[in-house]
Amino acid sequence: MAEVIFALVSILAVFALAMNRASLRAWALAAAVFTLSAQMGLAHGGLHWPAFPLWSLFGWLVAGLLFAASLANIKRNYLVLPAYRALKGAMPAISETEREALEAGTVGWDAEIFSGTPNWEKLRRVAPITLTPEERAFLDGPTTELCRKLDDWRIRHELEDIPEDIWRFVCERGFLGMLISKEHGGLGFSAQAQSLVLGMIGSRSAGGVTIVMVPNSLGPGELIEKYGTPEQKAHFLPRLARGDEIPCFALTGPFSGSDAAAMRDVGIVARGKHEGRDTLGIKLTWDKRYITLAPNATLLGLAFRLFDPENHLGRGEDVGITLALIPTNHPGVEIGRRHRPGGTGFPNGPTRGHDVFVPIDWIIGGEERAGQGWRMLMSCLAAGRSISLPATSAAAAKGLLRTSTAYARIRKQFNLPIGFMEGVEEPLARMIETAYALEAARAVTAAMVSAGEKPAVISALLKYVSTERMRQSINDALDIHGGKGICDGPSNYLQGAYQMTPVTITVEGANILTRTLITFAQGALRSHPYLFTEIEALQDEDEKRGTERFARAFEDHVAFTVSNAAGALFHNLTFGLLASAPANAGDTKVWWRELARASRSFALVADAAVALLGGGLKVKQKITGRMADALTELYLLSSVLKRYDDDGRPKEDLKVVDFCARNCLYRFDQALLGVLRNFPVRWAAWAMTPLVFPLGARRRPASDAAGKAIVRAALEPGAFRDRLTRHIYLTDDPRDRVGLLDYTLAKAVACEEADKKLERAIRKGEVRRFHGNDWLAEAEAKGVLTASEARALAELRDLVARVIAVDDFAPSELARGRSPASDDNATRPEHIAAE
Ligand SMILES: Cc1cc2nc3c(=O)[nH]c(=O)nc-3n(C[C@H](O)[C@H](O)[C@H](O)COP(=O)(O)OP(=O)(O)OC[C@H]3O[C@@H](n4cnc5c(N)ncnc54)[C@H](O)[C@@H]3O)c2cc1C
């Protein structure tokens, strides 16, 4: 018995030392104390071990070796330097553009997850949704008014463009200058306010929101605000804020898509004539495509590679990527043609120029910012990517949930609202989870940006997960709506989001690349506590300085790895029961602990992936993709738990939080399992699997019963459904295609008892429900319904007919580009036309 207690205490001591990142000296001391106590126990007859002299010898040997290893010179010569030499060629090299991207953003909660021991206070300190009275008034006033004005069908189909009155309204009301400071005539709104405004507009028209989104995202406004010269700020910002200038930003070209830094667009520094005067300037040649707002733009932000063969700027020939502002009416600028991005109707098109001469002070930030374009872009991207697409995707998910729950309760088949059928319940439950989690992540990320963060990794993972989950939600919504969702027309409220989905997936970093390369392969470099410093030290040309920096980071890194191995095993064996949770975590304490537990496992595998795959990490994209998924699930779970707290822990929402948490953790497990099963360094996978899954991958997704509970609650009009779908444009005006749904839903719920009576009578054959027969009058006449019930059901019948109606058109109405009177045969295949 004494031996068992001794062994247990020793094992716990080993865990405690490892998890608390004990120094080598502490380990040496522990080994000595262990051996000495065992010897004393043996001497006093309390402990009985076979072959003890050998054990004892081994114990002292370990203690001695650990002590020796802790001596500075030995540590340096026998541990650090061999590691330095071994890793020098193996670690991923960081290119200049990557370095600029990495250094441009900040790290935040992502680094806490990577640490394996998240500091809850850091998350709790992030502000809940807070708006100034002015921002609130803007949402309730001009934003709501704009939403009322937006007619998505007109934009997508009739005009394939944004109507003039909408342009005028957004310009006059200052929508284009939300991110421009008040000092320069803009609204100077926080990131949170911008996110909410964009979300509300996006919930009304997925294509229409782009004209507000682009000027308030990566583009001339933000670049000038952050980097412009005083003259550029004074001239352009008030004009942009008022909408006197319509901006676009051109980075992408036919041969430089995702790899934008490989652009072939070029500027040569040269002297030339501008407005009749001899001027130092740039001769520009570019070919760009996919540029949003380009057809309407008056101000073109252009990215190009700058060369200075005559060294006018004194920085050598290849100056680097540079950004300039060019009025689109400048001679030589070709602009105005349009692409057709998936029938969404927003302006998008190419721009070209050949040997266009512009003065050097058209560079954003002036001559001294020449060559700094990539860093400037990345810095803006890290913040911008956190706002626009997460806001519009979360809004789409909430809007789709709002309409789908209403439709599923109104639409009946087999005498039952389709939402009560288990097959429909499944996608609805998924949509609820998506709406809750995306809104949570949107809000917390916007609050981080409002506080000055530029979260490089979080913005990437949020962009990809919000657009991917939105894609799932729109598919679910279409399935739930059946033919009603498929047939397009003015009354279709799903097609706009459906057509916009591929655009959101592709822009601001196409999702495959964002998931597999940016979030983890590059993200790990940024968020890992030691890796970036180690790589920088390894790449340091001054070897002495490099070794010193490496030594410091490497020592901490080893303690970090040991700590995560022990922490992962400990918490996975104890099911997270002893993992940390924030103070007063209340009824979500179990999920906070699970988050801490999962974070340990993530930190261990992430560390092994970057250390063992090194330079190969970027091509092992099935591994990095799954690691990105695992990180994303932990970020979503963190956001969900924070939202629940920020919302004041409404009891009714707990079932959604539980649903989200279970699914996040299940998907997290599956992602890590996928990594370990496919990890190229097999011995490492074998070593890690028992630490991460000592009892197997035991987490299960949320149950069918849990799904039913949240769906049933969401099918009821009321506070729960309103919270799930908050911060979108809402109306119950029955003249509006979306308002009609909420209006009818309320009536359908109110009429449910009367409807049951009617259905019973129909089943018994007392009342006949056929075209040509007024079955409600019949039911009233036969005493099945009272007069007021019959009236209410008659109104409901007409409303339901409007809800489920789809549009139809004369062929000539659909033949765009031809006059209605033109010959219909013109579009028919020849052999049919001839008949
Ligand atoms: C409607 C629309 C509006 C846009 N607006 C603008 C704008 O205003 N300004 C602007 O400058 N640009 C804009 N873009 C460009 C956009 O932001 C993308 O950068 C661009 O579309 C990506 O290039 P590509 O379409 O040629 O795809 P490609 O780069 O050819 O990518 C094709 C596929 O390969 C994947 N891929 C590429 N490289 C890797 C890798 N290393 N690892 C893994 N997968 C990889 C991508 O994820 C993608 O799935 C817009 C694009 C569209 C479609």
# chains A, B, ... in the order shown; residues from 1 in each chain; ligands from 1
>>> closest_atom_pairs(of="chain A", to="ligand 1", cutoff="9 Å", atoms="only C-alpha atoms and all ligand atoms", output="JSON lines")
{"residue": "A:Val214", "atom": "CA", "partner": "ligand 1", "partner_atom_place_in_ligand_line": "8 (O)", "distance": 7.3}
{"residue": "A:Leu218", "atom": "CA", "partner": "ligand 1", "partner_atom_place_in_ligand_line": "8 (O)", "distance": 8.7}
{"residue": "A:Gly219", "atom": "CA", "partner": "ligand 1", "partner_atom_place_in_ligand_line": "8 (O)", "distance": 8.3}
{"residue": "A:Cys248", "atom": "CA", "partner": "ligand 1", "partner_atom_place_in_ligand_line": "8 (O)", "distance": 6.3}
{"residue": "A:Phe249", "atom": "CA", "partner": "ligand 1", "partner_atom_place_in_ligand_line": "9 (N)", "distance": 5.1}
{"residue": "A:Ala250", "atom": "CA", "partner": "ligand 1", "partner_atom_place_in_ligand_line": "11 (O)", "distance": 4.1}
{"residue": "A:Leu251", "atom": "CA", "partner": "ligand 1", "partner_atom_place_in_ligand_line": "11 (O)", "distance": 3.4}
{"residue": "A:Thr252", "atom": "CA", "partner": "ligand 1", "partner_atom_place_in_ligand_line": "11 (O)", "distance": 4.0}
{"residue": "A:Gly253", "atom": "CA", "partner": "ligand 1", "partner_atom_place_in_ligand_line": "11 (O)", "distance": 7.5}
{"residue": "A:Pro254", "atom": "CA", "partner": "ligand 1", "partner_atom_place_in_ligand_line": "26 (O)", "distance": 6.5}
{"residue": "A:Phe255", "atom": "CA", "partner": "ligand 1", "partner_atom_place_in_ligand_line": "26 (O)", "distance": 7.3}
{"residue": "A:Ser256", "atom": "CA", "partner": "ligand 1", "partner_atom_place_in_ligand_line": "26 (O)", "distance": 6.7}
{"residue": "A:Gly257", "atom": "CA", "partner": "ligand 1", "partner_atom_place_in_ligand_line": "23 (O)", "distance": 3.2}
{"residue": "A:Ser258", "atom": "CA", "partner": "ligand 1", "partner_atom_place_in_ligand_line": "29 (O)", "distance": 3.6}
{"residue": "A:Asp259", "atom": "CA", "partner": "ligand 1", "partner_atom_place_in_ligand_line": "29 (O)", "distance": 6.2}
{"residue": "A:Ala260", "atom": "CA", "partner": "ligand 1", "partner_atom_place_in_ligand_line": "19 (O)", "distance": 7.0}
{"residue": "A:Lys288", "atom": "CA", "partner": "ligand 1", "partner_atom_place_in_ligand_line": "11 (O)", "distance": 7.6}
{"residue": "A:Arg289", "atom": "CA", "partner": "ligand 1", "partner_atom_place_in_ligand_line": "12 (N)", "distance": 7.1}
{"residue": "A:Tyr290", "atom": "CA", "partner": "ligand 1", "partner_atom_place_in_ligand_line": "50 (C)", "distance": 4.5}
{"residue": "A:Ile291", "atom": "CA", "partner": "ligand 1", "partner_atom_place_in_ligand_line": "8 (O)", "distance": 3.8}
{"residue": "A:Thr292", "atom": "CA", "partner": "ligand 1", "partner_atom_place_in_ligand_line": "8 (O)", "distance": 3.8}
{"residue": "A:Leu293", "atom": "CA", "partner": "ligand 1", "partner_atom_place_in_ligand_line": "8 (O)", "distance": 7.0}
{"residue": "A:Ala294", "atom": "CA", "partner": "ligand 1", "partner_atom_place_in_ligand_line": "8 (O)", "distance": 7.6}
{"residue": "A:Leu302", "atom": "CA", "partner": "ligand 1", "partner_atom_place_in_ligand_line": "11 (O)", "distance": 8.6}
{"residue": "A:Ala303", "atom": "CA", "partner": "ligand 1", "partner_atom_place_in_ligand_line": "11 (O)", "distance": 8.3}
{"residue": "A:His339", "atom": "CA", "partner": "ligand 1", "partner_atom_place_in_ligand_line": "1 (C)", "distance": 8.2}
{"residue": "A:Arg340", "atom": "CA", "partner": "ligand 1", "partner_atom_place_in_ligand_line": "1 (C)", "distance": 8.1}
{"residue": "A:Pro341", "atom": "CA", "partner": "ligand 1", "partner_atom_place_in_ligand_line": "1 (C)", "distance": 5.0}
{"residue": "A:Gly342", "atom": "CA", "partner": "ligand 1", "partner_atom_place_in_ligand_line": "1 (C)", "distance": 7.9}
{"residue": "A:Thr344", "atom": "CA", "partner": "ligand 1", "partner_atom_place_in_ligand_line": "1 (C)", "distance": 8.9}
{"residue": "A:Phe346", "atom": "CA", "partner": "ligand 1", "partner_atom_place_in_ligand_line": "1 (C)", "distance": 8.6}
{"residue": "A:Pro347", "atom": "CA", "partner": "ligand 1", "partner_atom_place_in_ligand_line": "1 (C)", "distance": 9.0}
{"residue": "A:Asn348", "atom": "CA", "partner": "ligand 1", "partner_atom_place_in_ligand_line": "3 (C)", "distance": 6.5}
{"residue": "A:Gly349", "atom": "CA", "partner": "ligand 1", "partner_atom_place_in_ligand_line": "3 (C)", "distance": 8.4}
{"residue": "A:Met500", "atom": "CA", "partner": "ligand 1", "partner_atom_place_in_ligand_line": "1 (C)", "distance": 8.6}
{"residue": "A:Pro502", "atom": "CA", "partner": "ligand 1", "partner_atom_place_in_ligand_line": "53 (C)", "distance": 7.9}
{"residue": "A:Val503", "atom": "CA", "partner": "ligand 1", "partner_atom_place_in_ligand_line": "1 (C)", "distance": 5.1}
{"residue": "A:Thr504", "atom": "CA", "partner": "ligand 1", "partner_atom_place_in_ligand_line": "1 (C)", "distance": 8.0}
{"residue": "A:Ile505", "atom": "CA", "partner": "ligand 1", "partner_atom_place_in_ligand_line": "49 (O)", "distance": 8.7}
{"residue": "A:Thr506", "atom": "CA", "partner": "ligand 1", "partner_atom_place_in_ligand_line": "21 (O)", "distance": 5.5}
{"residue": "A:Val507", "atom": "CA", "partner": "ligand 1", "partner_atom_place_in_ligand_line": "17 (O)", "distance": 3.5}
{"residue": "A:Glu508", "atom": "CA", "partner": "ligand 1", "partner_atom_place_in_ligand_line": "17 (O)", "distance": 4.5}
{"residue": "A:Gly509", "atom": "CA", "partner": "ligand 1", "partner_atom_place_in_ligand_line": "19 (O)", "distance": 5.4}
{"residue": "A:Ala510", "atom": "CA", "partner": "ligand 1", "partner_atom_place_in_ligand_line": "47 (O)", "distance": 4.2}
{"residue": "A:Asn511", "atom": "CA", "partner": "ligand 1", "partner_atom_place_in_ligand_line": "47 (O)", "distance": 5.2}
{"residue": "A:Ile512", "atom": "CA", "partner": "ligand 1", "partner_atom_place_in_ligand_line": "47 (O)", "distance": 3.9}
{"residue": "A:Leu513", "atom": "CA", "partner": "ligand 1", "partner_atom_place_in_ligand_line": "44 (N)", "distance": 3.9}
{"residue": "A:Thr514", "atom": "CA", "partner": "ligand 1", "partner_atom_place_in_ligand_line": "47 (O)", "distance": 6.7}
{"residue": "A:Arg515", "atom": "CA", "partner": "ligand 1", "partner_atom_place_in_ligand_line": "43 (C)", "distance": 8.1}
{"residue": "A:Thr516", "atom": "CA", "partner": "ligand 1", "partner_atom_place_in_ligand_line": "43 (C)", "distance": 6.1}
{"residue": "A:Leu517", "atom": "CA", "partner": "ligand 1", "partner_atom_place_in_ligand_line": "42 (N)", "distance": 5.9}
{"residue": "A:Ile518", "atom": "CA", "partner": "ligand 1", "partner_atom_place_in_ligand_line": "42 (N)", "distance": 8.8}
{"residue": "A:Lys618", "atom": "CA", "partner": "ligand 1", "partner_atom_place_in_ligand_line": "42 (N)", "distance": 8.0}
{"residue": "A:Val619", "atom": "CA", "partner": "ligand 1", "partner_atom_place_in_ligand_line": "42 (N)", "distance": 7.9}
{"residue": "A:Gln621", "atom": "CA", "partner": "ligand 1", "partner_atom_place_in_ligand_line": "43 (C)", "distance": 7.3}
>>> residues_around(residues="Lys226 in chain A", least_positions_apart="3", cutoff="10 Å", atoms="only C-alpha atoms", output="ChimeraX atom specification")
/A:180,220-223,229,233,364-365,376,379-380
>>> write_last_selection(atoms="N, CA, C and O atoms", output="short mmCIF file (atom, residue, chain, number, x, y, z; two decimals), in the first residue's frame")
data_model
loop_
_atom_site.label_atom_id
_atom_site.label_comp_id
_atom_site.auth_asym_id
_atom_site.auth_seq_id
_atom_site.Cartn_x
_atom_site.Cartn_y
_atom_site.Cartn_z
N ILE A 180 -13.92 56.48 -41.76
CA ILE A 180 -13.13 57.71 -41.84
C ILE A 180 -13.40 58.53 -40.58
O ILE A 180 -14.54 58.66 -40.13
N PRO A 220 -8.98 52.54 -50.62
CA PRO A 220 -8.39 53.86 -50.48
C PRO A 220 -8.69 54.54 -49.14
O PRO A 220 -7.80 55.10 -48.51
N GLY A 221 -9.95 54.48 -48.67
CA GLY A 221 -10.32 55.20 -47.44
C GLY A 221 -9.44 54.80 -46.27
O GLY A 221 -8.80 55.64 -45.63
N GLU A 222 -9.38 53.50 -46.03
CA GLU A 222 -8.63 53.02 -44.88
C GLU A 222 -7.12 53.27 -45.06
O GLU A 222 -6.42 53.67 -44.13
N LEU A 223 -6.66 53.07 -46.29
CA LEU A 223 -5.22 53.25 -46.54
C LEU A 223 -4.82 54.71 -46.35
O LEU A 223 -3.77 55.01 -45.78
N THR A 229 -0.55 61.00 -46.73
CA THR A 229 0.13 62.24 -46.34
C THR A 229 -0.94 63.22 -45.84
O THR A 229 -2.12 63.06 -46.17
N LYS A 233 -4.86 63.23 -46.97
CA LYS A 233 -5.97 63.11 -46.01
C LYS A 233 -6.92 64.29 -46.18
O LYS A 233 -8.14 64.11 -46.22
N ILE A 364 0.34 56.38 -52.14
CA ILE A 364 -0.34 56.56 -50.84
C ILE A 364 0.74 56.69 -49.76
O ILE A 364 1.59 55.81 -49.61
N GLY A 365 0.71 57.81 -49.06
CA GLY A 365 1.74 58.06 -48.05
C GLY A 365 2.95 58.77 -48.63
O GLY A 365 3.91 59.03 -47.91
N MET A 376 1.35 47.63 -45.77
CA MET A 376 0.16 48.48 -45.57
C MET A 376 -1.11 47.69 -45.84
O MET A 376 -2.07 47.74 -45.07
N SER A 379 -1.75 45.02 -43.11
CA SER A 379 -2.19 45.62 -41.85
C SER A 379 -3.69 45.94 -41.92
O SER A 379 -4.44 45.69 -40.99
N CYS A 380 -4.12 46.49 -43.06
CA CYS A 380 -5.54 46.82 -43.20
C CYS A 380 -6.37 45.53 -43.32
O CYS A 380 -7.48 45.46 -42.80
#
>>> residues_around(residues="Trp60 in chain A", least_positions_apart="5", cutoff="10 Å", atoms="only C-alpha atoms", output="PDB file with N, CA and C atoms, in the first residue's frame")
ATOM      1  N   ALA A  28      15.887  18.349 -11.380  1.00  0.00           N
ATOM      2  CA  ALA A  28      17.017  17.644 -10.737  1.00  0.00           C
ATOM      3  C   ALA A  28      16.740  17.485  -9.247  1.00  0.00           C
ATOM      4  N   ALA A  31      14.120  14.844  -8.645  1.00  0.00           N
ATOM      5  CA  ALA A  31      14.646  13.478  -8.799  1.00  0.00           C
ATOM      6  C   ALA A  31      15.439  13.090  -7.558  1.00  0.00           C
ATOM      7  N   ALA A  32      16.210  14.063  -7.020  1.00  0.00           N
ATOM      8  CA  ALA A  32      17.004  13.778  -5.829  1.00  0.00           C
ATOM      9  C   ALA A  32      16.088  13.512  -4.626  1.00  0.00           C
ATOM     10  N   VAL A  33      15.059  14.346  -4.469  1.00  0.00           N
ATOM     11  CA  VAL A  33      14.126  14.178  -3.335  1.00  0.00           C
ATOM     12  C   VAL A  33      13.424  12.835  -3.446  1.00  0.00           C
ATOM     13  N   PHE A  34      13.038  12.480  -4.649  1.00  0.00           N
ATOM     14  CA  PHE A  34      12.350  11.206  -4.877  1.00  0.00           C
ATOM     15  C   PHE A  34      13.258  10.034  -4.454  1.00  0.00           C
ATOM     16  N   THR A  35      14.506  10.053  -4.942  1.00  0.00           N
ATOM     17  CA  THR A  35      15.419   8.937  -4.672  1.00  0.00           C
ATOM     18  C   THR A  35      15.720   8.859  -3.178  1.00  0.00           C
ATOM     19  N   LEU A  36      15.965  10.038  -2.586  1.00  0.00           N
ATOM     20  CA  LEU A  36      16.289  10.060  -1.165  1.00  0.00           C
ATOM     21  C   LEU A  36      15.111   9.552  -0.328  1.00  0.00           C
ATOM     22  N   TRP A  55      17.517   0.781  -8.726  1.00  0.00           N
ATOM     23  CA  TRP A  55      16.587   1.910  -8.830  1.00  0.00           C
ATOM     24  C   TRP A  55      17.233   3.168  -8.261  1.00  0.00           C
ATOM     25  N   LEU A  65      22.325  13.984 -14.001  1.00  0.00           N
ATOM     26  CA  LEU A  65      22.300  14.418 -15.408  1.00  0.00           C
ATOM     27  C   LEU A  65      21.464  15.688 -15.575  1.00  0.00           C
ATOM     28  N   LEU A  66      20.330  15.725 -14.897  1.00  0.00           N
ATOM     29  CA  LEU A  66      19.469  16.910 -15.000  1.00  0.00           C
ATOM     30  C   LEU A  66      20.177  18.131 -14.436  1.00  0.00           C
TER      31      LEU A  66
END
>>> residues_around(residues="range 130-143 of chain A", least_positions_apart="2", cutoff="9 Å", atoms="only C-alpha atoms", output="ChimeraX atom specification")
/A:127-128,145-148,169-170,173,175,187,189-190,192-194,196-198,200-201,447,729
>>> select_by_dssp(residues="range 504-623 of chain A", states="alpha helix (DSSP H)", output="VMD selection string")
chain A and resid 504 to 506 511 to 513 523 to 527 531 to 539 543 to 573 589 to 613 621 to 623
>>> residues_around(residues="range 464-470 of chain A", least_positions_apart="5", cutoff="10 Å", atoms="only C-alpha atoms", output="PyMOL selection string")
chain A and resi 385+389-398+400+430-431+433-435+437-439+441-442+458-459+475-476+497-498+501-506+508-515+519+628-629+632-633+636
>>> residues_around(residues="Cys487 in chain A", least_positions_apart="3", cutoff="7 Å", atoms="only C-alpha atoms", output="PyMOL selection string")
chain A and resi 483-484+806
>>> atom_distance(atom1="CA of Asn663 in chain A", atom2="CA of Tyr635 in chain A")
13.0 Å
>>> residues_around(residues="Leu741 in chain A", least_positions_apart="2", cutoff="12 Å", atoms="only C-alpha atoms", output="JSON, numbers by chain")
{"A": [399, 400, 401, 402, 403, 404, 405, 406, 407, 408, 409, 410, 411, 491, 492, 493, 717, 730, 731, 732, 733, 734, 735, 736, 737, 738, 739, 743, 744, 745, 746, 747, 748, 796, 799, 800, 801, 802, 803, 804, 805]}
>>> decode(residues="range 629-648 of chain A", atoms="N, CA and C atoms", output="PDB file, in the first residue's frame")
ATOM      1  N   ASP A 629      -9.114  23.803 -38.671  1.00  0.00           N
ATOM      2  CA  ASP A 629     -10.477  23.465 -38.221  1.00  0.00           C
ATOM      3  C   ASP A 629     -10.513  23.341 -36.696  1.00  0.00           C
ATOM      4  N   ALA A 630      -9.495  22.670 -36.148  1.00  0.00           N
ATOM      5  CA  ALA A 630      -9.469  22.469 -34.692  1.00  0.00           C
ATOM      6  C   ALA A 630      -9.391  23.823 -33.976  1.00  0.00           C
ATOM      7  N   LEU A 631      -8.526  24.691 -34.476  1.00  0.00           N
ATOM      8  CA  LEU A 631      -8.383  26.021 -33.863  1.00  0.00           C
ATOM      9  C   LEU A 631      -9.695  26.801 -33.978  1.00  0.00           C
ATOM     10  N   THR A 632     -10.317  26.681 -35.151  1.00  0.00           N
ATOM     11  CA  THR A 632     -11.566  27.401 -35.384  1.00  0.00           C
ATOM     12  C   THR A 632     -12.646  26.953 -34.398  1.00  0.00           C
ATOM     13  N   GLU A 633     -12.734  25.652 -34.168  1.00  0.00           N
ATOM     14  CA  GLU A 633     -13.762  25.159 -33.233  1.00  0.00           C
ATOM     15  C   GLU A 633     -13.528  25.737 -31.842  1.00  0.00           C
ATOM     16  N   LEU A 634     -12.262  25.836 -31.441  1.00  0.00           N
ATOM     17  CA  LEU A 634     -11.994  26.365 -30.099  1.00  0.00           C
ATOM     18  C   LEU A 634     -12.292  27.863 -30.050  1.00  0.00           C
ATOM     19  N   TYR A 635     -12.061  28.542 -31.165  1.00  0.00           N
ATOM     20  CA  TYR A 635     -12.387  29.971 -31.186  1.00  0.00           C
ATOM     21  C   TYR A 635     -13.908  30.161 -31.125  1.00  0.00           C
ATOM     22  N   LEU A 636     -14.626  29.352 -31.885  1.00  0.00           N
ATOM     23  CA  LEU A 636     -16.089  29.463 -31.861  1.00  0.00           C
ATOM     24  C   LEU A 636     -16.628  29.158 -30.470  1.00  0.00           C
ATOM     25  N   LEU A 637     -16.076  28.108 -29.853  1.00  0.00           N
ATOM     26  CA  LEU A 637     -16.559  27.752 -28.515  1.00  0.00           C
ATOM     27  C   LEU A 637     -16.282  28.893 -27.527  1.00  0.00           C
ATOM     28  N   SER A 638     -15.092  29.478 -27.605  1.00  0.00           N
ATOM     29  CA  SER A 638     -14.776  30.616 -26.725  1.00  0.00           C
ATOM     30  C   SER A 638     -15.806  31.728 -26.927  1.00  0.00           C
ATOM     31  N   SER A 639     -16.125  32.003 -28.194  1.00  0.00           N
ATOM     32  CA  SER A 639     -17.044  33.102 -28.499  1.00  0.00           C
ATOM     33  C   SER A 639     -18.448  32.804 -27.985  1.00  0.00           C
ATOM     34  N   VAL A 640     -18.868  31.545 -28.156  1.00  0.00           N
ATOM     35  CA  VAL A 640     -20.205  31.152 -27.701  1.00  0.00           C
ATOM     36  C   VAL A 640     -20.317  31.337 -26.187  1.00  0.00           C
ATOM     37  N   LEU A 641     -19.286  30.897 -25.465  1.00  0.00           N
ATOM     38  CA  LEU A 641     -19.335  31.006 -23.999  1.00  0.00           C
ATOM     39  C   LEU A 641     -19.322  32.474 -23.578  1.00  0.00           C
ATOM     40  N   LYS A 642     -18.540  33.264 -24.300  1.00  0.00           N
ATOM     41  CA  LYS A 642     -18.494  34.690 -23.959  1.00  0.00           C
ATOM     42  C   LYS A 642     -19.838  35.359 -24.259  1.00  0.00           C
ATOM     43  N   ARG A 643     -20.417  35.014 -25.390  1.00  0.00           N
ATOM     44  CA  ARG A 643     -21.710  35.625 -25.732  1.00  0.00           C
ATOM     45  C   ARG A 643     -22.745  35.320 -24.645  1.00  0.00           C
ATOM     46  N   TYR A 644     -22.771  34.078 -24.212  1.00  0.00           N
ATOM     47  CA  TYR A 644     -23.762  33.690 -23.204  1.00  0.00           C
ATOM     48  C   TYR A 644     -23.582  34.543 -21.939  1.00  0.00           C
ATOM     49  N   ASP A 645     -22.338  34.739 -21.541  1.00  0.00           N
ATOM     50  CA  ASP A 645     -22.069  35.586 -20.363  1.00  0.00           C
ATOM     51  C   ASP A 645     -22.458  37.039 -20.642  1.00  0.00           C
ATOM     52  N   ASP A 646     -22.022  37.549 -21.799  1.00  0.00           N
ATOM     53  CA  ASP A 646     -22.302  38.961 -22.128  1.00  0.00           C
ATOM     54  C   ASP A 646     -23.800  39.230 -22.210  1.00  0.00           C
ATOM     55  N   ASP A 647     -24.552  38.217 -22.650  1.00  0.00           N
ATOM     56  CA  ASP A 647     -26.006  38.399 -22.782  1.00  0.00           C
ATOM     57  C   ASP A 647     -26.725  38.294 -21.439  1.00  0.00           C
ATOM     58  N   GLY A 648     -25.952  38.072 -20.369  1.00  0.00           N
ATOM     59  CA  GLY A 648     -26.592  37.957 -19.051  1.00  0.00           C
ATOM     60  C   GLY A 648     -27.129  36.563 -18.784  1.00  0.00           C
TER      61      GLY A 648
END
